[in-house]
Structure formats: C-alpha cells, structure tokens
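Reproduced below: start.cif, with mmCIF, C-alpha atoms.
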```
data_upload
loop_
_atom_site.label_atom_id
_atom_site.label_comp_id
_atom_site.auth_asym_id
_atom_site.auth_seq_id
_atom_site.Cartn_x
_atom_site.Cartn_y
_atom_site.Cartn_z
CA MET A 1 -22.75 0.71 23.52
CA ILE A 2 -21.28 4.21 23.90
CA THR A 3 -21.74 6.36 20.81
CA THR A 4 -19.48 9.26 19.79
CA LEU A 5 -20.54 12.16 17.60
CA ILE A 6 -17.79 13.85 15.59
CA ASP A 7 -19.04 17.15 14.25
CA GLY A 8 -17.78 20.57 13.22
CA ILE A 9 -16.25 18.90 10.15
CA GLY A 10 -15.31 21.36 7.40
CA LEU A 11 -15.26 18.93 4.46
CA LEU A 12 -15.76 15.21 4.97
CA TYR A 13 -14.28 12.98 2.27
CA THR A 14 -16.15 9.71 2.80
CA GLY A 15 -14.58 7.53 0.12
CA ASP A 16 -18.10 6.29 -0.61
CA PRO A 17 -18.73 6.55 -4.37
CA GLU A 18 -22.40 7.28 -3.69
CA ARG A 19 -21.55 10.44 -1.70
CA GLU A 20 -17.84 11.24 -1.68
CA GLU A 21 -17.90 14.72 -0.16
CA ILE A 22 -20.11 16.29 2.50
CA GLY A 23 -19.66 19.85 3.72
CA ASP A 24 -20.46 20.83 7.32
CA ALA A 25 -20.62 17.13 8.13
CA ALA A 26 -20.78 14.79 11.10
CA LEU A 27 -20.10 11.15 11.93
CA VAL A 28 -21.34 8.86 14.68
CA LEU A 29 -19.06 6.05 15.89
CA GLU A 30 -20.30 3.01 17.78
CA ASP A 31 -18.43 -0.11 18.87
CA GLY A 32 -15.50 0.61 16.54
CA LEU A 33 -17.70 1.11 13.48
CA ILE A 34 -19.32 3.98 11.59
CA ALA A 35 -22.94 4.14 12.72
CA TRP A 36 -24.07 7.26 10.83
CA VAL A 37 -22.72 9.76 8.26
CA GLY A 38 -24.31 12.96 7.00
CA PRO A 39 -24.82 16.70 7.39
CA ALA A 40 -24.25 17.99 10.91
CA SER A 41 -27.75 19.51 10.95
CA GLU A 42 -29.23 15.99 10.73
CA ALA A 43 -26.90 14.24 13.18
CA PRO A 44 -28.54 12.03 15.82
CA ALA A 45 -27.80 12.40 19.53
CA ALA A 46 -24.80 10.54 20.93
CA ASP A 47 -23.28 9.83 24.33
CA THR A 48 -20.15 11.89 23.72
CA ARG A 49 -19.21 14.64 21.29
CA VAL A 50 -15.96 15.66 19.57
CA ASP A 51 -16.01 19.05 17.83
CA VAL A 52 -13.19 19.22 15.25
CA ALA A 53 -13.68 22.96 14.71
CA GLY A 54 -13.91 23.12 10.92
CA ARG A 55 -11.16 20.62 10.16
CA GLY A 56 -11.39 18.20 7.26
CA VAL A 57 -11.82 14.47 7.82
CA ILE A 58 -10.78 11.57 5.58
CA PRO A 59 -10.80 7.78 5.94
CA GLY A 60 -7.63 6.25 7.32
CA TYR A 61 -5.13 5.64 4.53
CA VAL A 62 -4.92 2.10 3.16
CA ASP A 63 -1.29 1.40 2.22
CA SER A 64 -1.56 -1.73 0.09
CA HIS A 65 2.14 -2.20 -0.72
CA SER A 66 5.04 -2.12 1.74
CA HIS A 67 8.19 -4.06 2.67
CA LEU A 68 8.69 -3.40 6.39
CA VAL A 69 10.54 -6.49 7.63
CA PHE A 70 14.20 -5.83 6.95
CA ALA A 71 17.51 -4.90 8.50
CA GLY A 72 20.38 -2.76 7.33
CA ASP A 73 20.70 0.50 5.45
CA ARG A 74 21.06 1.43 1.77
CA THR A 75 22.00 5.08 2.12
CA ALA A 76 25.08 4.57 -0.03
CA GLU A 77 22.97 3.19 -2.86
CA PHE A 78 20.59 6.17 -2.65
CA LYS A 79 23.53 8.58 -2.65
CA ALA A 80 24.96 6.90 -5.75
CA ARG A 81 21.62 7.15 -7.55
CA MET A 82 21.40 10.83 -6.76
CA SER A 83 24.81 11.12 -8.42
CA GLY A 84 23.57 9.48 -11.60
CA ARG A 85 23.67 5.69 -11.16
CA PRO A 86 20.44 4.09 -12.51
CA TYR A 87 18.23 1.88 -10.34
CA THR A 88 18.32 -1.82 -11.31
CA GLY A 89 16.86 -3.59 -8.27
CA GLY A 90 20.20 -5.28 -7.61
CA GLY A 91 20.53 -3.75 -4.16
CA ILE A 92 17.81 -6.08 -2.85
CA ARG A 93 20.51 -8.67 -2.14
CA THR A 94 22.27 -6.18 0.17
CA THR A 95 19.15 -6.03 2.34
CA VAL A 96 18.78 -9.81 2.16
CA ALA A 97 22.24 -10.28 3.65
CA ALA A 98 21.55 -7.85 6.50
CA THR A 99 18.11 -9.31 7.19
CA ARG A 100 19.40 -12.86 7.40
CA GLN A 101 22.00 -11.78 9.95
CA ALA A 102 19.54 -9.86 12.15
CA GLY A 103 17.81 -11.40 15.13
CA TYR A 104 14.05 -11.81 15.42
CA PRO A 105 13.69 -9.09 18.11
CA GLU A 106 15.58 -6.57 15.95
CA LEU A 107 13.47 -7.26 12.87
CA ALA A 108 10.21 -7.22 14.82
CA ALA A 109 11.06 -3.97 16.61
CA ARG A 110 11.99 -2.18 13.40
CA ALA A 111 8.85 -3.34 11.60
CA ARG A 112 6.65 -2.36 14.53
CA GLY A 113 8.33 1.04 14.64
CA LEU A 114 7.52 1.63 10.98
CA VAL A 115 3.89 0.54 11.45
CA ASN A 116 3.57 2.98 14.36
CA GLU A 117 5.19 5.71 12.26
CA MET A 118 2.60 5.06 9.55
CA LEU A 119 -0.28 5.06 12.02
CA ALA A 120 0.77 8.44 13.42
CA GLN A 121 0.55 9.78 9.85
CA GLY A 122 -2.94 8.40 9.30
CA THR A 123 -2.31 4.96 7.78
CA THR A 124 -4.71 2.64 9.58
CA THR A 125 -4.41 -0.38 7.24
CA VAL A 126 -1.10 -1.61 5.87
CA GLU A 127 -0.01 -4.58 3.77
CA ILE A 128 3.44 -6.04 4.57
CA LYS A 129 5.49 -8.30 2.29
CA SER A 130 8.31 -10.69 2.99
CA GLY A 131 11.07 -10.87 0.39
CA TYR A 132 14.27 -10.01 2.23
CA GLY A 133 14.91 -13.52 3.54
CA LEU A 134 14.91 -15.67 0.37
CA SER A 135 15.41 -18.87 2.35
CA VAL A 136 12.68 -21.08 3.77
CA GLU A 137 13.29 -20.12 7.40
CA ASP A 138 14.04 -16.44 6.80
CA GLU A 139 10.91 -15.95 4.69
CA ARG A 140 8.80 -17.82 7.26
CA ARG A 141 10.29 -15.69 10.04
CA SER A 142 9.57 -12.47 8.16
CA LEU A 143 5.93 -13.41 7.62
CA GLU A 144 5.51 -14.48 11.22
CA ILE A 145 6.67 -10.98 12.25
CA ALA A 146 4.41 -9.32 9.67
CA SER A 147 1.39 -11.36 10.75
CA GLY A 148 1.76 -9.95 14.26
CA LEU A 149 1.36 -6.42 12.84
CA THR A 150 -1.33 -6.73 10.14
CA ASP A 151 -3.83 -9.12 8.61
CA GLU A 152 -2.56 -8.16 5.15
CA THR A 153 0.59 -10.24 4.75
CA THR A 154 2.18 -11.18 1.43
CA PHE A 155 4.63 -13.98 0.62
CA LEU A 156 7.26 -12.49 -1.71
CA GLY A 157 9.83 -15.26 -1.76
CA ALA A 158 10.07 -14.48 -5.48
CA HIS A 159 11.69 -11.07 -5.00
CA VAL A 160 15.00 -11.92 -6.67
CA VAL A 161 17.04 -15.10 -7.07
CA PRO A 162 19.48 -15.28 -4.14
CA ALA A 163 23.21 -15.51 -4.70
CA GLY A 164 24.46 -19.03 -5.21
CA MET A 165 21.24 -20.46 -6.70
CA ASP A 166 20.11 -20.87 -10.29
CA ALA A 167 16.71 -19.49 -11.22
CA ASP A 168 14.96 -22.78 -11.99
CA SER A 169 16.03 -24.39 -8.71
CA TYR A 170 14.94 -21.33 -6.77
CA VAL A 171 11.53 -21.20 -8.47
CA ARG A 172 10.97 -24.84 -7.47
CA LEU A 173 11.93 -23.98 -3.89
CA VAL A 174 9.63 -20.95 -3.75
CA ALA A 175 6.67 -22.81 -5.25
CA GLY A 176 7.27 -25.84 -3.05
CA GLU A 177 8.92 -26.03 0.36
CA MET A 178 9.09 -22.27 0.93
CA LEU A 179 5.44 -21.71 0.06
CA GLU A 180 4.40 -24.58 2.32
CA ALA A 181 6.29 -23.05 5.25
CA CYS A 182 5.06 -19.51 4.62
CA ALA A 183 1.42 -20.02 3.63
CA PRO A 184 0.14 -20.29 7.23
CA TYR A 185 1.35 -16.71 7.85
CA ALA A 186 0.34 -15.20 4.49
CA LYS A 187 -2.85 -13.97 2.84
CA TRP A 188 -1.27 -13.16 -0.53
CA VAL A 189 1.46 -14.37 -2.89
CA ASP A 190 3.48 -11.93 -4.99
CA VAL A 191 6.21 -12.13 -7.64
CA PHE A 192 8.65 -9.48 -8.89
CA CYS A 193 8.00 -10.07 -12.60
CA GLU A 194 10.80 -8.04 -14.11
CA ARG A 195 14.01 -8.34 -16.05
CA GLY A 196 16.72 -9.44 -13.65
CA ALA A 197 14.13 -11.10 -11.41
CA PHE A 198 11.44 -13.53 -12.70
CA ASP A 199 10.10 -14.00 -16.22
CA GLY A 200 6.53 -14.65 -17.28
CA ASP A 201 6.64 -18.45 -17.09
CA GLN A 202 8.28 -18.38 -13.67
CA THR A 203 5.77 -15.84 -12.46
CA ARG A 204 2.83 -17.98 -13.58
CA GLU A 205 4.29 -21.06 -11.92
CA ILE A 206 4.76 -19.38 -8.55
CA LEU A 207 1.42 -17.58 -8.59
CA ALA A 208 -0.39 -20.76 -9.61
CA ALA A 209 1.18 -22.58 -6.67
CA GLY A 210 0.17 -19.80 -4.31
CA LEU A 211 -3.40 -19.76 -5.61
CA LYS A 212 -3.60 -23.54 -5.20
CA ALA A 213 -2.45 -23.09 -1.58
CA GLY A 214 -5.35 -20.71 -0.99
CA LEU A 215 -3.52 -17.39 -1.24
CA GLY A 216 -4.66 -14.42 -3.29
CA ALA A 217 -2.38 -13.09 -6.03
CA ARG A 218 -0.54 -9.79 -6.40
CA VAL A 219 2.21 -8.92 -8.91
CA HIS A 220 5.12 -6.49 -9.02
CA ALA A 221 4.64 -5.56 -12.67
CA ASN A 222 6.20 -3.34 -15.32
CA GLN A 223 8.35 -1.19 -13.04
CA LEU A 224 11.63 -1.20 -14.94
CA GLY A 225 10.27 -1.73 -18.45
CA GLU A 226 7.51 -3.26 -20.52
CA GLY A 227 6.86 -6.92 -19.81
CA PRO A 228 4.23 -9.59 -19.18
CA GLY A 229 3.55 -8.79 -15.51
CA VAL A 230 0.39 -6.70 -15.88
CA ARG A 231 -1.26 -9.09 -18.33
CA ILE A 232 -0.40 -12.09 -16.13
CA ALA A 233 -1.94 -10.31 -13.15
CA CYS A 234 -5.16 -9.73 -15.07
CA GLU A 235 -5.16 -13.23 -16.57
CA LEU A 236 -4.88 -14.89 -13.13
CA GLY A 237 -7.33 -12.56 -11.41
CA ALA A 238 -4.74 -10.90 -9.19
CA ALA A 239 -6.09 -8.29 -6.81
CA SER A 240 -3.43 -5.81 -7.85
CA ALA A 241 -0.69 -5.14 -10.37
CA ASP A 242 1.82 -2.88 -8.62
CA HIS A 243 4.09 -0.20 -10.13
CA CYS A 244 2.59 -0.14 -13.68
CA THR A 245 5.22 2.37 -14.76
CA HIS A 246 5.75 1.13 -18.34
CA LEU A 247 2.49 0.08 -19.97
CA THR A 248 1.48 -0.84 -23.51
CA THR A 249 -2.00 -0.24 -24.87
CA ALA A 250 -2.67 -3.96 -24.35
CA ASP A 251 -1.70 -3.63 -20.67
CA VAL A 252 -4.09 -0.72 -20.12
CA ASP A 253 -6.88 -2.56 -21.95
CA ALA A 254 -6.30 -5.67 -19.82
CA LEU A 255 -6.53 -3.65 -16.62
CA ALA A 256 -9.62 -1.80 -17.80
CA SER A 257 -11.45 -5.03 -18.61
CA SER A 258 -10.51 -6.79 -15.35
CA ALA A 259 -11.01 -6.37 -11.61
CA THR A 260 -7.25 -6.00 -11.08
CA VAL A 261 -6.31 -2.69 -9.45
CA ALA A 262 -3.34 -0.70 -10.75
CA THR A 263 -1.37 0.24 -7.63
CA LEU A 264 0.95 3.17 -8.30
CA LEU A 265 4.01 3.79 -6.12
CA PRO A 266 5.29 7.31 -6.82
CA GLY A 267 7.73 7.20 -3.90
CA ALA A 268 9.76 4.70 -5.92
CA GLU A 269 9.99 6.99 -8.92
CA PHE A 270 10.87 9.92 -6.67
CA SER A 271 13.65 7.94 -4.97
CA THR A 272 15.06 6.42 -8.15
CA ARG A 273 14.67 9.46 -10.45
CA SER A 274 12.62 7.33 -12.83
CA PRO A 275 9.65 8.29 -15.02
CA TYR A 276 6.35 8.36 -13.14
CA PRO A 277 3.41 6.13 -14.15
CA ASP A 278 0.83 7.75 -16.40
CA ALA A 279 -2.05 7.79 -13.93
CA ARG A 280 -4.12 10.01 -16.21
CA ARG A 281 -4.06 7.37 -18.93
CA LEU A 282 -5.21 4.66 -16.51
CA ILE A 283 -7.97 6.70 -14.91
CA ASP A 284 -9.31 7.90 -18.26
CA ALA A 285 -9.44 4.25 -19.40
CA GLY A 286 -11.60 3.35 -16.40
CA VAL A 287 -8.95 1.47 -14.43
CA THR A 288 -9.26 1.42 -10.64
CA VAL A 289 -6.10 3.04 -9.25
CA ALA A 290 -4.55 2.78 -5.80
CA LEU A 291 -1.66 4.68 -4.25
CA ALA A 292 0.79 3.09 -1.81
CA THR A 293 4.17 3.96 -0.33
CA ASP A 294 6.23 0.90 -1.34
CA CYS A 295 8.05 1.61 1.94
CA ASN A 296 11.36 -0.26 1.70
CA PRO A 297 15.02 0.50 2.44
CA GLY A 298 16.20 0.61 -1.15
CA SER A 299 13.89 2.30 -3.61
CA SER A 300 11.24 4.13 -1.54
CA PHE A 301 12.06 4.65 2.10
CA THR A 302 9.00 6.71 2.92
CA SER A 303 6.13 5.83 5.24
CA SER A 304 4.05 8.87 4.26
CA MET A 305 0.88 8.36 2.26
CA ALA A 306 0.36 12.14 2.31
CA PHE A 307 3.67 12.52 0.47
CA CYS A 308 2.49 10.01 -2.14
CA VAL A 309 -0.78 11.93 -2.54
CA ALA A 310 1.17 15.13 -3.18
CA LEU A 311 3.43 13.38 -5.71
CA ALA A 312 0.42 11.88 -7.48
CA VAL A 313 -1.14 15.31 -7.91
CA ARG A 314 2.04 17.12 -8.94
CA GLU A 315 3.83 14.44 -10.97
CA MET A 316 1.13 12.05 -12.20
CA ARG A 317 -1.58 14.55 -13.19
CA MET A 318 -4.14 13.24 -10.73
CA THR A 319 -6.64 15.65 -9.25
CA PRO A 320 -6.64 15.99 -5.44
CA LEU A 321 -9.92 14.05 -5.37
CA GLU A 322 -8.51 11.23 -7.51
CA ALA A 323 -5.39 11.03 -5.35
CA ILE A 324 -7.20 10.84 -1.99
CA ARG A 325 -9.60 8.31 -3.48
CA ALA A 326 -6.66 6.16 -4.61
CA ALA A 327 -4.98 6.40 -1.19
CA THR A 328 -8.09 5.21 0.66
CA TYR A 329 -10.86 3.59 -1.38
CA GLY A 330 -8.43 2.42 -4.08
CA GLY A 331 -6.08 0.85 -1.55
CA ALA A 332 -8.98 -1.02 0.00
CA ARG A 333 -10.00 -2.34 -3.43
CA ALA A 334 -6.40 -3.47 -4.00
CA LEU A 335 -6.74 -5.58 -0.85
CA ARG A 336 -10.30 -6.61 -1.69
CA ARG A 337 -11.52 -5.02 1.51
CA THR A 338 -14.93 -3.42 2.01
CA ASP A 339 -14.59 -2.64 5.72
CA VAL A 340 -11.87 0.02 5.33
CA GLY A 341 -11.00 2.83 2.92
CA TRP A 342 -14.33 4.62 3.23
CA LEU A 343 -16.58 6.13 5.87
CA ARG A 344 -20.03 4.67 5.51
CA ARG A 345 -22.37 2.89 7.87
CA GLY A 346 -20.93 -0.45 8.94
CA ALA A 347 -17.34 0.33 7.92
CA ARG A 348 -14.53 0.31 10.43
CA ALA A 349 -14.19 3.60 12.26
CA ASP A 350 -10.72 4.45 10.92
CA LEU A 351 -10.46 8.16 10.17
CA VAL A 352 -8.06 11.07 10.13
CA VAL A 353 -8.83 14.59 11.30
CA LEU A 354 -6.68 17.02 9.32
CA ASP A 355 -5.19 20.29 10.48
CA ALA A 356 -6.77 21.80 7.38
CA PRO A 357 -10.33 22.34 6.17
CA SER A 358 -10.13 19.68 3.43
CA TYR A 359 -8.03 16.92 1.87
CA VAL A 360 -6.97 19.32 -0.92
CA HIS A 361 -4.38 20.73 1.48
CA LEU A 362 -2.49 17.42 1.37
CA ALA A 363 -1.28 18.45 -2.10
CA TYR A 364 -1.62 22.20 -1.62
CA ARG A 365 0.74 22.13 1.41
CA PRO A 366 3.13 19.27 0.60
CA GLY A 367 5.48 18.15 3.34
CA VAL A 368 3.50 19.84 6.11
CA PRO A 369 2.36 17.52 8.95
CA LEU A 370 -1.40 17.93 8.67
CA VAL A 371 -2.61 15.09 10.93
CA HIS A 372 -4.50 16.48 13.91
CA GLN A 373 -6.07 13.26 15.22
CA VAL A 374 -6.29 9.61 14.18
CA PHE A 375 -9.15 7.30 15.14
CA HIS A 376 -8.35 3.60 14.76
CA HIS A 377 -11.13 1.06 15.29
CA GLY A 378 -13.07 3.97 16.76
CA LEU A 379 -10.45 4.79 19.36
CA LEU A 380 -8.66 8.14 19.43
CA LEU A 381 -4.92 7.53 19.37
#
```

Could you rewrite the structure in this file as structure tokens?
Amino acid sequence: MITTLIDGIGLLYTGDPEREEIGDAALVLEDGLIAWVGPASEAPAADTRVDVAGRGVIPGYVDSHSHLVFAGDRTAEFKARMSGRPYTGGGIRTTVAATRQAGYPELAARARGLVNEMLAQGTTTVEIKSGYGLSVEDERRSLEIASGLTDETTFLGAHVVPAGMDADSYVRLVAGEMLEACAPYAKWVDVFCERGAFDGDQTREILAAGLKAGLGARVHANQLGEGPGVRIACELGAASADHCTHLTTADVDALASSATVATLLPGAEFSTRSPYPDARRLIDAGVTVALATDCNPGSSFTSSMAFCVALAVREMRMTPLEAIRAATYGGARALRRTDVGWLRRGARADLVVLDAPSYVHLAYRPGVPLVHQVFHHGLLL
C-alpha cells in the first residue's frame, strides 16, 4: 500500500480525547485510513509527502442533522421573518408541496449539489433526513435518493401532519405502511416532537415502531418550547436529541445521565431570530454536545459547519475547542460512529487542511473561506 506523510502542520486538532491537540504535527495515511499520528519529529518514512506549510489540520466535519432532499424555495418566508413574523414550523408544508411535484432527477441533483457543497467546505460525513414527502411513495423516494449520497439516512415521515389527514390516521400510516416502505433505505427514525407537530404519545409510538423495525432513534426535541421530546429521547436510548433550545432542569439531568447526545443547530436560531440553546449549561452538566447545520430550505439554509462553529462560540458561549470538538467528535457520537470525527490510528482518513494555523481561526475569522484542502477517504479532493 502507498503511504502518504502529511507534515508541516501548525496545530493538529485530532478529536481524540486522549490527545486532542498536537503542535508541529504530522499524519501518515494508508489505504484510506490514518496509520500514524504524532509530532513531526517522530514521523515514520512514507512513500509520498505533503507539506502543509504551517497550516492547521482538523478532522472532516460530521454534520449529523440535515434535510437535503427537497424542492422549491422559501425566500418569502425568510423575508417575512426578518420583518418580524415568528417561526412556527408551518412552512414545512410549502416544501412538501414542491417536493411532491418535483421529479426524481431534480431532487437527486439538488441533494447531490448540496452534499458536494458541504464536502468542499470540509464536511466529509453527513446525515440526511426525509420528511418533505409525507406520503408512502414520496418518503420512500426521498430516502432512496439520500441513500445514494450517504450511509446516514433518517426516516422523518413524522415531520408534520400533511394537509387533509387527521393526526391519529397519519401516525398509524407512518408507523405502519410508510415505515415498511422506507426502512430498507433508512438507518434511523426521527420524529418532530413539538407543538403543532407530534405529541409525546405519538412520538413514542412512531419511535417504538422504528426501533422494532431495526432502526436507531433520533428526536427533534424542544426547539419551539419546553416539551417531552428530550426525555423521550433519553428514555428510548435515542442516539441524539436535536435542537434542545428550551430545556428544563429535568431535561438536562436526563441528558447528563444518558448516552443521548444533545445536537445543537445554531443556524436555525440565526435564521429564525430565536433564542440560542444554552450550550454552556449542557457542557457544564457533562452532556455530550454536537453541532450540525440543520441544512433545510425553511429554517436554516446553510451548508457551512464553519459558520455553525463561529455561531457556537459567539452566541452559545462555547470555547473554540468545545465548538470544533462538537462539530467533529460530537457529531460522530451523535451518529454512533467511531471511524470518523477524529484523527487516530485506524480512523477514516477524512481531514481538512485550513488556510490558518489552527482551528481557532474558524471563530476568529468568521465568514472567511478557510478550507485549503480536503482529504476524503485518504484522497485529496
């Protein structure tokens, strides 16, 4: 196998809790994996060498929450919010109508374009949800498209109740025929547990059906207000409770005493002018925190994990180290992955070379394109 030495690294953020930062560092890549990590002075010989000239290196971002299969545009809704209209989640049905009308090639091309946009910005692992079809065939089609782009696919038939159906009938459909059609294309099941969407009992019913079908659980929880979503996620052993904007002490305690990751989505708060989650409270309680983009056409149309890192530092009182950890290692934990999100021997060789000496510049220079190179499965893009 051909080995590649990457050296001249200013500051290497490994994501490995045992040794998170290494100055004047080097990496050796072999067969798409990390073969060695350490100080450049101790680096073994390799077949080829890449000198990054003092630039910082981080693991590829792990974006554990996105909605990339959709059609249409919600610019008007965003414009109205910026003029003072509050976000309610009701605009989801606008995207559902456009998505149902779109052809498979159109949906697939747009989703692939967004994945490529993310990859160019350093996101090497992405989760993609359905949720803009809300019929058996449209949800199945969305997940078929998503499964061609990532291994991390999530069935979100329970996004909202579609027009013309009552909630109980729709829950039965989601937990029955729709789940059966979608499960072959999905790894996870998710529910938007929120006022105006699905209540606690409905959430439990759908998640229980998904778990029985062999899917892992995730929950959209406590975005618009306090509710049962976070505690249900912890109770059922969900990998992640996502949003976590409005939390009670009981919610924080439940997260701290469970393996459920709190995935924070600051792009949504930025785009909806809503209060940001209290990341400091979660971290100080010992909760594992992830950052993700929530890329979607209505409430967070950003594909930039670097932007979310900057928001987390500025608006959620996270340190730069905590934010980069959440965007890499934390995202991997939210997907229950140990092969990505860090740079240690045996992990996948997904890494980003920054046009800056360290990851701190992601928050220090917000909005500046700082990606110099991306390696994906060991290959330079």

* Residue among A:Glu137, A:Asp16, A:Asp47, A:Glu21 lying closest to Thr3 in chain A, counting all atoms listed in the file ->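 Of all the options, A:Asp47 lies closest to Thr3 in chain A.
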
Residue by residue, what does the PyMOL selection byres ((chain A and resi 217) around 6) grab here? Present the result as a PDB file with C-alpha atoms, in the coordinates of the input.
```pdb
ATOM      1  CA  TRP A 188      -1.270 -13.160  -0.530  1.00  0.00           C
ATOM      2  CA  VAL A 189       1.460 -14.370  -2.890  1.00  0.00           C
ATOM      3  CA  GLY A 216      -4.660 -14.420  -3.290  1.00  0.00           C
ATOM      4  CA  ARG A 218      -0.540  -9.790  -6.400  1.00  0.00           C
ATOM      5  CA  ALA A 238      -4.740 -10.900  -9.190  1.00  0.00           C
TER       6      ALA A 238
END
```

* Decode the PyMOL selection byres ((chain A and resi 339-348) around 8) for the given file into explicit residues and return them as a list in words. =>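 Selected by the PyMOL selection byres ((chain A and resi 339-348) around 8) here: Thr14, Gly15, Asp16, Gly32, Leu33, Ile34, Ala35, Trp36, Val37, Ile58, Pro59, Gly60, Tyr61, Val62, Thr125, Thr328, Tyr329, Gly330, Gly331, Ala332, Arg337, Thr338, Ala349, Asp350, Leu351, His377 and Gly378 of chain A.
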
Output for the residues just chosen: C-alpha atoms as a PDB file, in the frame of the given file:
```
ATOM      1  CA  THR A  14     -16.150   9.710   2.800  1.00  0.00           C
ATOM      2  CA  GLY A  15     -14.580   7.530   0.120  1.00  0.00           C
ATOM      3  CA  ASP A  16     -18.100   6.290  -0.610  1.00  0.00           C
ATOM      4  CA  GLY A  32     -15.500   0.610  16.540  1.00  0.00           C
ATOM      5  CA  LEU A  33     -17.700   1.110  13.480  1.00  0.00           C
ATOM      6  CA  ILE A  34     -19.320   3.980  11.590  1.00  0.00           C
ATOM      7  CA  ALA A  35     -22.940   4.140  12.720  1.00  0.00           C
ATOM      8  CA  TRP A  36     -24.070   7.260  10.830  1.00  0.00           C
ATOM      9  CA  VAL A  37     -22.720   9.760   8.260  1.00  0.00           C
ATOM     10  CA  ILE A  58     -10.780  11.570   5.580  1.00  0.00           C
ATOM     11  CA  PRO A  59     -10.800   7.780   5.940  1.00  0.00           C
ATOM     12  CA  GLY A  60      -7.630   6.250   7.320  1.00  0.00           C
ATOM     13  CA  TYR A  61      -5.130   5.640   4.530  1.00  0.00           C
ATOM     14  CA  VAL A  62      -4.920   2.100   3.160  1.00  0.00           C
ATOM     15  CA  THR A 125      -4.410  -0.380   7.240  1.00  0.00           C
ATOM     16  CA  THR A 328      -8.090   5.210   0.660  1.00  0.00           C
ATOM     17  CA  TYR A 329     -10.860   3.590  -1.380  1.00  0.00           C
ATOM     18  CA  GLY A 330      -8.430   2.420  -4.080  1.00  0.00           C
ATOM     19  CA  GLY A 331      -6.080   0.850  -1.550  1.00  0.00           C
ATOM     20  CA  ALA A 332      -8.980  -1.020   0.000  1.00  0.00           C
ATOM     21  CA  ARG A 337     -11.520  -5.020   1.510  1.00  0.00           C
ATOM     22  CA  THR A 338     -14.930  -3.420   2.010  1.00  0.00           C
ATOM     23  CA  ALA A 349     -14.190   3.600  12.260  1.00  0.00           C
ATOM     24  CA  ASP A 350     -10.720   4.450  10.920  1.00  0.00           C
ATOM     25  CA  LEU A 351     -10.460   8.160  10.170  1.00  0.00           C
ATOM     26  CA  HIS A 377     -11.130   1.060  15.290  1.00  0.00           C
ATOM     27  CA  GLY A 378     -13.070   3.970  16.760  1.00  0.00           C
TER      28      GLY A 378
END
```

Residues near Gly237 in chain A, anyone? I mean within 8 Å using only C-alpha atoms, not counting same-chain ones fewer than 4 positions away, as a PDB file with C-alpha atoms, in the frame of the given file.
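This went into selection-v7.pdb:
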```pdb
ATOM      1  CA  ALA A 217      -2.380 -13.090  -6.030  1.00  0.00           C
ATOM      2  CA  ALA A 233      -1.940 -10.310 -13.150  1.00  0.00           C
ATOM      3  CA  SER A 258     -10.510  -6.790 -15.350  1.00  0.00           C
ATOM      4  CA  ALA A 259     -11.010  -6.370 -11.610  1.00  0.00           C
ATOM      5  CA  THR A 260      -7.250  -6.000 -11.080  1.00  0.00           C
TER       6      THR A 260
END
```

* Evaluate the PyMOL selection byres ((chain A and resi 175-179) around 12) and report residues as a PyMOL selection string -> chain A and resi 130-131+133-141+143+154-158+168-174+180-191+202-215

Quick one: which range 245-311 of chain A residues come within 8 Å of range 112-121 of chain A, and what is the nearest atom pair for each with the distance in Å to one decimal, counting all atoms listed in the file, rows ordered by chain and ascending number, as CSV?
```
residue,atom,partner,partner_atom,distance
A:Ser303,CA,A:Met118,CA,5.6
A:Ser304,CA,A:Gln121,CA,6.7
A:Met305,CA,A:Gln121,CA,7.7
A:Ala306,CA,A:Gln121,CA,7.9
```

* Could you jot down the CA of Ala40 in chain A to CA of Ala26 in chain A separation for me, Å, one decimal place? =>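 Distance reported for this atom pair: 4.7 Å.
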
Since the input lacks atoms, please generate all heavy atoms for range 295-299 of chain A and provide them as a PDB file, in the coordinates of the input.
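File produced: result-v5.pdb:
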```pdb
ATOM      1  N   CYS A 295       7.020   1.351   0.928  1.00  0.00           N
ATOM      2  CA  CYS A 295       8.050   1.610   1.940  1.00  0.00           C
ATOM      3  C   CYS A 295       9.038   0.454   2.008  1.00  0.00           C
ATOM      4  O   CYS A 295       8.677  -0.683   2.323  1.00  0.00           O
ATOM      5  CB  CYS A 295       7.391   1.842   3.296  1.00  0.00           C
ATOM      6  SG  CYS A 295       8.569   2.277   4.602  1.00  0.00           S
ATOM      7  N   ASN A 296      10.293   0.742   1.683  1.00  0.00           N
ATOM      8  CA  ASN A 296      11.360  -0.260   1.700  1.00  0.00           C
ATOM      9  C   ASN A 296      12.685   0.467   1.788  1.00  0.00           C
ATOM     10  O   ASN A 296      12.763   1.662   1.490  1.00  0.00           O
ATOM     11  CB  ASN A 296      11.276  -1.145   0.442  1.00  0.00           C
ATOM     12  CG  ASN A 296      11.785  -0.463  -0.813  1.00  0.00           C
ATOM     13  OD1 ASN A 296      12.985  -0.416  -1.057  1.00  0.00           O
ATOM     14  ND2 ASN A 296      10.866   0.100  -1.608  1.00  0.00           N
ATOM     15  N   PRO A 297      13.765  -0.217   2.186  1.00  0.00           N
ATOM     16  CA  PRO A 297      15.020   0.500   2.440  1.00  0.00           C
ATOM     17  C   PRO A 297      15.797   0.891   1.201  1.00  0.00           C
ATOM     18  O   PRO A 297      16.744   1.678   1.292  1.00  0.00           O
ATOM     19  CB  PRO A 297      15.815  -0.511   3.266  1.00  0.00           C
ATOM     20  CG  PRO A 297      15.318  -1.840   2.800  1.00  0.00           C
ATOM     21  CD  PRO A 297      13.846  -1.644   2.545  1.00  0.00           C
ATOM     22  N   GLY A 298      15.385   0.373   0.023  1.00  0.00           N
ATOM     23  CA  GLY A 298      16.200   0.610  -1.150  1.00  0.00           C
ATOM     24  C   GLY A 298      15.662   1.634  -2.119  1.00  0.00           C
ATOM     25  O   GLY A 298      16.370   2.572  -2.505  1.00  0.00           O
ATOM     26  N   SER A 299      14.400   1.477  -2.515  1.00  0.00           N
ATOM     27  CA  SER A 299      13.890   2.300  -3.610  1.00  0.00           C
ATOM     28  C   SER A 299      12.787   3.267  -3.209  1.00  0.00           C
ATOM     29  O   SER A 299      12.362   4.083  -4.034  1.00  0.00           O
ATOM     30  CB  SER A 299      13.373   1.404  -4.743  1.00  0.00           C
ATOM     31  OG  SER A 299      12.318   0.580  -4.288  1.00  0.00           O
TER      32      SER A 299
END
```
